[in-house]
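Next up, entry-v3.pdb (PDB, C-alpha atoms):
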MODEL        1
ATOM      1  CA  MET A   1     -27.975 -95.175 -54.744
ATOM      2  CA  LYS A   2     -30.995 -95.684 -52.485
ATOM      3  CA  PHE A   3     -33.327 -95.359 -55.437
ATOM      4  CA  MET A   4     -31.473 -97.987 -57.473
ATOM      5  CA  VAL A   5     -31.411-100.406 -54.536
ATOM      6  CA  GLY A   6     -35.157 -99.833 -54.081
ATOM      7  CA  VAL A   7     -35.783-100.630 -57.758
ATOM      8  CA  MET A   8     -33.634-103.766 -57.540
ATOM      9  CA  CYS A   9     -35.474-104.925 -54.402
ATOM     10  CA  ALA A  10     -38.803-104.352 -56.160
ATOM     11  CA  LEU A  11     -37.610-106.360 -59.166
ATOM     12  CA  VAL A  12     -36.418-109.242 -56.962
ATOM     13  CA  GLY A  13     -39.790-109.269 -55.191
ATOM     14  CA  ILE A  14     -41.689-109.207 -58.485
ATOM     15  CA  ILE A  15     -39.603-111.970 -60.032
ATOM     16  CA  PHE A  16     -39.804-114.163 -56.961
ATOM     17  CA  GLY A  17     -43.493-113.566 -56.352
ATOM     18  CA  GLN A  18     -44.808-113.623 -59.908
ATOM     19  CA  TYR A  19     -42.675-116.345 -61.472
ATOM     20  CA  LEU A  20     -42.191-118.796 -58.632
ATOM     21  CA  LEU A  21     -45.615-118.627 -57.013
ATOM     22  CA  ALA A  22     -49.196-118.414 -58.231
ATOM     23  CA  GLY A  23     -52.400-116.812 -56.946
ATOM     24  CA  PRO A  24     -52.775-114.534 -53.941
ATOM     25  CA  PRO A  25     -49.572-115.746 -52.227
ATOM     26  CA  ALA A  26     -47.629-114.398 -55.216
ATOM     27  CA  VAL A  27     -48.847-110.860 -54.499
ATOM     28  CA  TYR A  28     -48.188-111.072 -50.751
ATOM     29  CA  VAL A  29     -44.738-112.637 -51.143
ATOM     30  CA  SER A  30     -43.810-110.117 -53.829
ATOM     31  CA  MET A  31     -44.805-107.175 -51.610
ATOM     32  CA  PHE A  32     -43.323-108.499 -48.383
ATOM     33  CA  LEU A  33     -40.064-109.635 -49.965
ATOM     34  CA  SER A  34     -39.406-106.382 -51.811
ATOM     35  CA  PHE A  35     -40.411-104.314 -48.771
ATOM     36  CA  HIS A  36     -38.227-106.278 -46.343
ATOM     37  CA  LEU A  37     -35.227-106.413 -48.668
ATOM     38  CA  TYR A  38     -35.271-102.646 -49.056
ATOM     39  CA  LEU A  39     -36.013-102.062 -45.367
ATOM     40  CA  GLY A  40     -33.119-104.372 -44.447
ATOM     41  CA  TYR A  41     -30.790-102.471 -46.758
ATOM     42  CA  LEU A  42     -31.832 -99.129 -45.287
ATOM     43  CA  VAL A  43     -31.455-100.296 -41.692
ATOM     44  CA  VAL A  44     -28.145-102.104 -42.138
ATOM     45  CA  MET A  45     -26.376 -99.933 -44.705
ATOM     46  CA  GLU A  46     -27.872 -96.446 -44.356
ATOM     47  CA  ASN A  47     -28.605 -96.263 -40.614
ATOM     48  CA  ARG A  48     -25.471 -98.012 -39.359
ATOM     49  CA  GLU A  49     -24.602 -95.621 -36.554
ATOM     50  CA  LYS A  50     -28.161 -95.019 -35.454
ATOM     51  CA  GLY A  51     -30.202 -97.187 -33.138
ATOM     52  CA  LEU A  52     -33.838 -97.826 -32.423
ATOM     53  CA  SER A  53     -35.890 -94.719 -31.867
ATOM     54  CA  LEU A  54     -38.465 -96.687 -29.846
ATOM     55  CA  PRO A  55     -38.164 -99.578 -27.388
ATOM     56  CA  LEU A  56     -37.838-102.999 -29.043
ATOM     57  CA  GLY A  57     -41.388-104.140 -28.256
ATOM     58  CA  THR A  58     -42.894-100.941 -29.607
ATOM     59  CA  THR A  59     -40.690-101.163 -32.706
ATOM     60  CA  LEU A  60     -41.912-104.699 -33.407
ATOM     61  CA  LEU A  61     -45.529-103.691 -32.836
ATOM     62  CA  THR A  62     -45.195-100.693 -35.149
ATOM     63  CA  HIS A  63     -43.540-102.843 -37.816
ATOM     64  CA  ALA A  64     -46.434-105.303 -37.522
ATOM     65  CA  ALA A  65     -48.847-102.404 -38.034
ATOM     66  CA  CYS A  66     -46.947-101.415 -41.186
ATOM     67  CA  LEU A  67     -47.250-104.991 -42.415
ATOM     68  CA  GLY A  68     -50.989-104.792 -41.717
ATOM     69  CA  ILE A  69     -51.121-101.751 -43.989
ATOM     70  CA  LEU A  70     -49.324-103.740 -46.686
ATOM     71  CA  ILE A  71     -51.859-106.567 -46.372
ATOM     72  CA  GLY A  72     -54.662-104.014 -46.617
ATOM     73  CA  LEU A  73     -53.113-102.579 -49.779
ATOM     74  CA  ALA A  74     -52.884-106.049 -51.275
ATOM     75  CA  ASP A  75     -56.535-106.782 -50.452
ATOM     76  CA  LEU A  76     -57.786-103.483 -51.857
ATOM     77  CA  ARG A  77     -56.665-104.523 -55.326
ATOM     78  CA  HIS A  78     -59.798-106.735 -55.483
ATOM     79  CA  TYR A  79     -62.119-103.778 -54.923
ATOM     80  CA  ILE A  80     -60.501-100.786 -56.624
ATOM     81  CA  ASN A  81     -59.596-100.782 -60.313
ATOM     82  CA  PHE A  82     -55.906-100.352 -61.104
ATOM     83  CA  PHE A  83     -54.992-100.767 -57.439
ATOM     84  CA  TRP A  84     -52.953-103.833 -58.321
ATOM     85  CA  ILE A  85     -50.173-101.494 -59.449
ATOM     86  CA  ILE A  86     -49.577-100.477 -55.808
ATOM     87  CA  GLN A  87     -47.777-103.751 -55.172
ATOM     88  CA  TYR A  88     -44.920-102.559 -57.366
ATOM     89  CA  PHE A  89     -44.425 -99.365 -55.357
ATOM     90  CA  VAL A  90     -44.467-100.936 -51.886
ATOM     91  CA  PRO A  91     -40.680-100.594 -51.404
ATOM     92  CA  ALA A  92     -41.222 -96.819 -51.484
ATOM     93  CA  LEU A  93     -42.816 -97.147 -48.019
ATOM     94  CA  ALA A  94     -39.649 -98.663 -46.516
ATOM     95  CA  PRO A  95     -37.712 -95.364 -46.142
ATOM     96  CA  PHE A  96     -40.539 -93.928 -44.047
ATOM     97  CA  GLU A  97     -40.519 -96.892 -41.704
ATOM     98  CA  ALA A  98     -36.715 -96.970 -41.562
ATOM     99  CA  GLU A  99     -36.562 -93.296 -40.631
ATOM    100  CA  TRP A 100     -39.412 -93.604 -38.183
ATOM    101  CA  LEU A 101     -38.273 -96.715 -36.330
ATOM    102  CA  PHE A 102     -34.505 -96.718 -36.779
ATOM    103  CA  SER A 103     -33.513 -93.060 -36.655
ATOM    104  CA  GLY A 104     -31.830 -93.394 -33.258
ATOM    105  CA  GLY A 105     -33.721 -90.474 -31.756
ATOM    106  CA  ARG A 106     -34.436 -92.289 -28.494
ATOM    107  CA  LYS A 107     -32.820 -90.899 -25.378
ATOM    108  CA  LYS A 108     -30.633 -93.189 -23.352
ATOM    109  CA  PRO A 109     -32.201 -94.308 -20.069
ATOM    110  CA  GLY A 110     -30.666 -92.559 -17.102
ATOM    111  CA  ALA A 111     -29.222 -89.746 -19.195
ATOM    112  CA  VAL A 112     -30.707 -86.569 -17.857
ATOM    113  CA  GLU A 113     -30.172 -83.449 -19.855
ATOM    114  CA  GLU A 114     -29.534 -80.554 -17.520
ATOM    115  CA  ALA A 115     -30.673 -77.072 -18.336
ATOM    116  CA  PRO A 116     -27.910 -74.483 -18.421
ATOM    117  CA  ARG A 117     -27.466 -72.878 -15.062
ATOM    118  CA  ILE A 118     -28.235 -69.192 -14.978
ATOM    119  CA  PRO A 119     -27.007 -67.450 -11.856
ATOM    120  CA  MET A 120     -29.726 -65.641  -9.991
ATOM    121  CA  PRO A 121     -29.001 -61.969  -9.571
ATOM    122  CA  ASP A 122     -28.685 -60.503  -6.089
ATOM    123  CA  CYS A 123     -31.952 -58.830  -5.305
ATOM    124  CA  THR A 124     -33.869 -57.565  -2.328
ATOM    125  CA  ALA A 125     -37.459 -58.152  -1.273
ATOM    126  CA  SER A 126     -38.479 -54.870  -2.871
ATOM    127  CA  ASP A 127     -36.827 -55.974  -6.141
ATOM    128  CA  TYR A 128     -38.813 -59.202  -5.963
ATOM    129  CA  ASP A 129     -42.046 -57.266  -5.384
ATOM    130  CA  GLU A 130     -41.243 -55.059  -8.391
ATOM    131  CA  PHE A 131     -40.630 -58.166 -10.488
ATOM    132  CA  LEU A 132     -43.982 -59.604  -9.427
ATOM    133  CA  LEU A 133     -45.634 -56.345 -10.537
ATOM    134  CA  TYR A 134     -43.737 -56.641 -13.819
ATOM    135  CA  LEU A 135     -45.065 -60.206 -14.259
ATOM    136  CA  SER A 136     -48.635 -59.007 -13.811
ATOM    137  CA  GLN A 137     -48.322 -56.679 -16.812
ATOM    138  CA  GLU A 138     -49.975 -57.732 -20.050
ATOM    139  CA  LYS A 139     -47.025 -56.746 -22.244
ATOM    140  CA  ARG A 140     -43.703 -57.697 -20.761
ATOM    141  CA  ALA A 141     -40.496 -56.559 -22.448
ATOM    142  CA  PHE A 142     -38.492 -59.719 -21.732
ATOM    143  CA  ARG A 143     -41.163 -62.327 -22.477
ATOM    144  CA  LYS A 144     -40.411 -64.675 -25.372
ATOM    145  CA  PRO A 145     -41.787 -68.123 -26.269
ATOM    146  CA  GLY A 146     -39.696 -70.847 -24.669
ATOM    147  CA  ARG A 147     -38.076 -68.520 -22.139
ATOM    148  CA  THR A 148     -38.434 -69.493 -18.499
ATOM    149  CA  VAL A 149     -39.516 -67.092 -15.767
ATOM    150  CA  ARG A 150     -36.055 -67.458 -14.263
ATOM    151  CA  GLU A 151     -34.412 -66.294 -17.506
ATOM    152  CA  GLU A 152     -36.919 -63.458 -17.721
ATOM    153  CA  HIS A 153     -36.087 -62.472 -14.127
ATOM    154  CA  VAL A 154     -32.365 -62.404 -14.884
ATOM    155  CA  LEU A 155     -32.928 -60.197 -17.945
ATOM    156  CA  TRP A 156     -35.324 -57.928 -16.051
ATOM    157  CA  MET A 157     -32.876 -57.569 -13.155
ATOM    158  CA  ALA A 158     -29.960 -56.804 -15.513
ATOM    159  CA  ASP A 159     -32.069 -54.135 -17.210
ATOM    160  CA  LYS A 160     -33.069 -52.679 -13.823
ATOM    161  CA  VAL A 161     -29.428 -52.548 -12.664
ATOM    162  CA  LYS A 162     -28.454 -50.900 -15.961
ATOM    163  CA  LYS A 163     -31.211 -48.269 -15.611
ATOM    164  CA  GLU A 164     -30.265 -47.615 -11.973
ATOM    165  CA  ALA A 165     -26.598 -47.195 -12.949
ATOM    166  CA  ALA A 166     -27.578 -44.785 -15.730
ATOM    167  CA  ALA A 167     -29.771 -42.810 -13.323
ATOM    168  CA  ALA A 168     -26.961 -42.693 -10.739
ATOM    169  CA  ALA A 169     -24.494 -41.536 -13.404
ATOM    170  CA  ALA A 170     -26.941 -38.856 -14.567
ATOM    171  CA  ALA A 171     -27.448 -37.687 -10.953
ATOM    172  CA  ALA A 172     -23.688 -37.568 -10.371
ATOM    173  CA  ALA A 173     -23.206 -35.590 -13.585
ATOM    174  CA  ALA A 174     -25.946 -33.161 -12.578
ATOM    175  CA  ALA A 175     -24.377 -32.725  -9.132
ATOM    176  CA  ALA A 176     -20.981 -32.116 -10.718
ATOM    177  CA  ARG A 177     -22.466 -29.507 -13.068
ATOM    178  CA  GLN A 178     -24.181 -27.797 -10.149
ATOM    179  CA  ARG A 179     -20.931 -27.684  -8.136
ATOM    180  CA  SER A 180     -18.989 -26.267 -11.045
ATOM    181  CA  ALA A 181     -21.666 -23.628 -11.685
ATOM    182  CA  THR A 182     -21.606 -22.220  -8.129
ATOM    183  CA  PRO A 183     -18.623 -20.007  -7.360
ATOM    184  CA  VAL A 184     -16.340 -21.109  -4.571
ATOM    185  CA  ALA A 185     -15.911 -18.508  -1.801
ATOM    186  CA  HIS A 186     -12.359 -17.987  -0.422
TER     187      HIS A 186
ENDMDL
END
Re-express the file's structure as structure tokens.
Amino acid sequence: MKFMVGVMCALVGIIFGQYLLAGPPAVYVSMFLSFHLYLGYLVVMENREKGLSLPLGTTLLTHAACLGILIGLADLRHYINFFWIIQYFVPALAPFEAEWLFSGGRKKPGAVEEAPRIPMPDCTASDYDEFLLYLSQEKRAFRKPGRTVREEHVLWMADKVKKEAAAAAAAAAAAARQRSATPVAH
């Protein structure tokens, strides 16, 4: 559907520019009309729910820069052979501008995205000192790109608690084996 609308917008621009005007204005009007018709369709019909991805002033300035590129393309046809054919493919640039300027990716002012809260584990000063020693190591087991030091500390502490619990369980099992191995005197 988008492709057919783009072709129709290009045809309208060509007909209007080539048959109703003459000279250089015909090329400019043809390019600008086809580009803006297709851009208007994309913004109104395809990006209905989305908003501006940049502030209004920046959007207008960026659109003006895109129009400057179109003028440059129209002027280059005087210097480069077969460059005149570019004017017929100008509507193909509209989807890029529509996605770039009207994709709605801008964050709302005042909306602050909070990071998920990770509870800090209970630890002592000696645990903290051990964690600092862990951080000074070149290869850290819990280091991953994008992970915060806080997340790394939580994972390190959970691993430490797990190892301590395993060691305590092993010690208790060894003590139980030792008690069962020694005969009880009556």
Please enumerate the residues selected by the PyMOL selection byres ((chain A and resi 89) around 12) when evaluated against the supplied file, formatted as JSON, numbers by chain.
{"A": [3, 6, 7, 8, 9, 10, 11, 13, 14, 30, 31, 32, 34, 35, 38, 70, 73, 74, 83, 84, 85, 86, 87, 88, 90, 91, 92, 93, 94]}
Residues of the last selection are to be written out with C-alpha atoms, as a compact mmCIF listing (two decimals), in the frame of the given file.
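After the write, again_27.txt holds the following:
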# COMPACT_ATOMS: atom_id res chain seq x y z
CA PHE A 3 -33.33 -95.36 -55.44
CA GLY A 6 -35.16 -99.83 -54.08
CA VAL A 7 -35.78 -100.63 -57.76
CA MET A 8 -33.63 -103.77 -57.54
CA CYS A 9 -35.47 -104.92 -54.40
CA ALA A 10 -38.80 -104.35 -56.16
CA LEU A 11 -37.61 -106.36 -59.17
CA GLY A 13 -39.79 -109.27 -55.19
CA ILE A 14 -41.69 -109.21 -58.48
CA SER A 30 -43.81 -110.12 -53.83
CA MET A 31 -44.80 -107.18 -51.61
CA PHE A 32 -43.32 -108.50 -48.38
CA SER A 34 -39.41 -106.38 -51.81
CA PHE A 35 -40.41 -104.31 -48.77
CA TYR A 38 -35.27 -102.65 -49.06
CA LEU A 70 -49.32 -103.74 -46.69
CA LEU A 73 -53.11 -102.58 -49.78
CA ALA A 74 -52.88 -106.05 -51.28
CA PHE A 83 -54.99 -100.77 -57.44
CA TRP A 84 -52.95 -103.83 -58.32
CA ILE A 85 -50.17 -101.49 -59.45
CA ILE A 86 -49.58 -100.48 -55.81
CA GLN A 87 -47.78 -103.75 -55.17
CA TYR A 88 -44.92 -102.56 -57.37
CA VAL A 90 -44.47 -100.94 -51.89
CA PRO A 91 -40.68 -100.59 -51.40
CA ALA A 92 -41.22 -96.82 -51.48
CA LEU A 93 -42.82 -97.15 -48.02
CA ALA A 94 -39.65 -98.66 -46.52
Closest of A:Met45, A:Leu135, A:Leu52, A:Ala125 to Glu97 (chain A) - atom-to-atom distances counting only C-alpha atoms:
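With only C-alpha atoms as the atom set, the closest residue is A:Leu52.
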What does the distance from CA of Trp156 (chain A) to CA of Phe131 (chain A) come to in Å, to one decimal?
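Going from CA of Trp156 (chain A) over to CA of Phe131 (chain A) covers 7.7 Å.
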Distance of CA of Ile15 (chain A) from CA of Val27 (chain A), expressed in Å to one decimal place
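These two atoms are separated by 10.8 Å.
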Residue IDs satisfying the PyMOL selection byres ((chain A and resi 157) around 9), as a PyMOL selection string
chain A and resi 121-123+127+131+152-156+158-162
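CA of Ala172 (chain A) is found 27.4 Å from CA of Asp129 (chain A).
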Among the residues A:Ile71, A:Ala98, A:Leu54, A:Leu60, the one that comes closest to Gly40 (chain A) [using all atoms listed in the file]:
A:Ala98
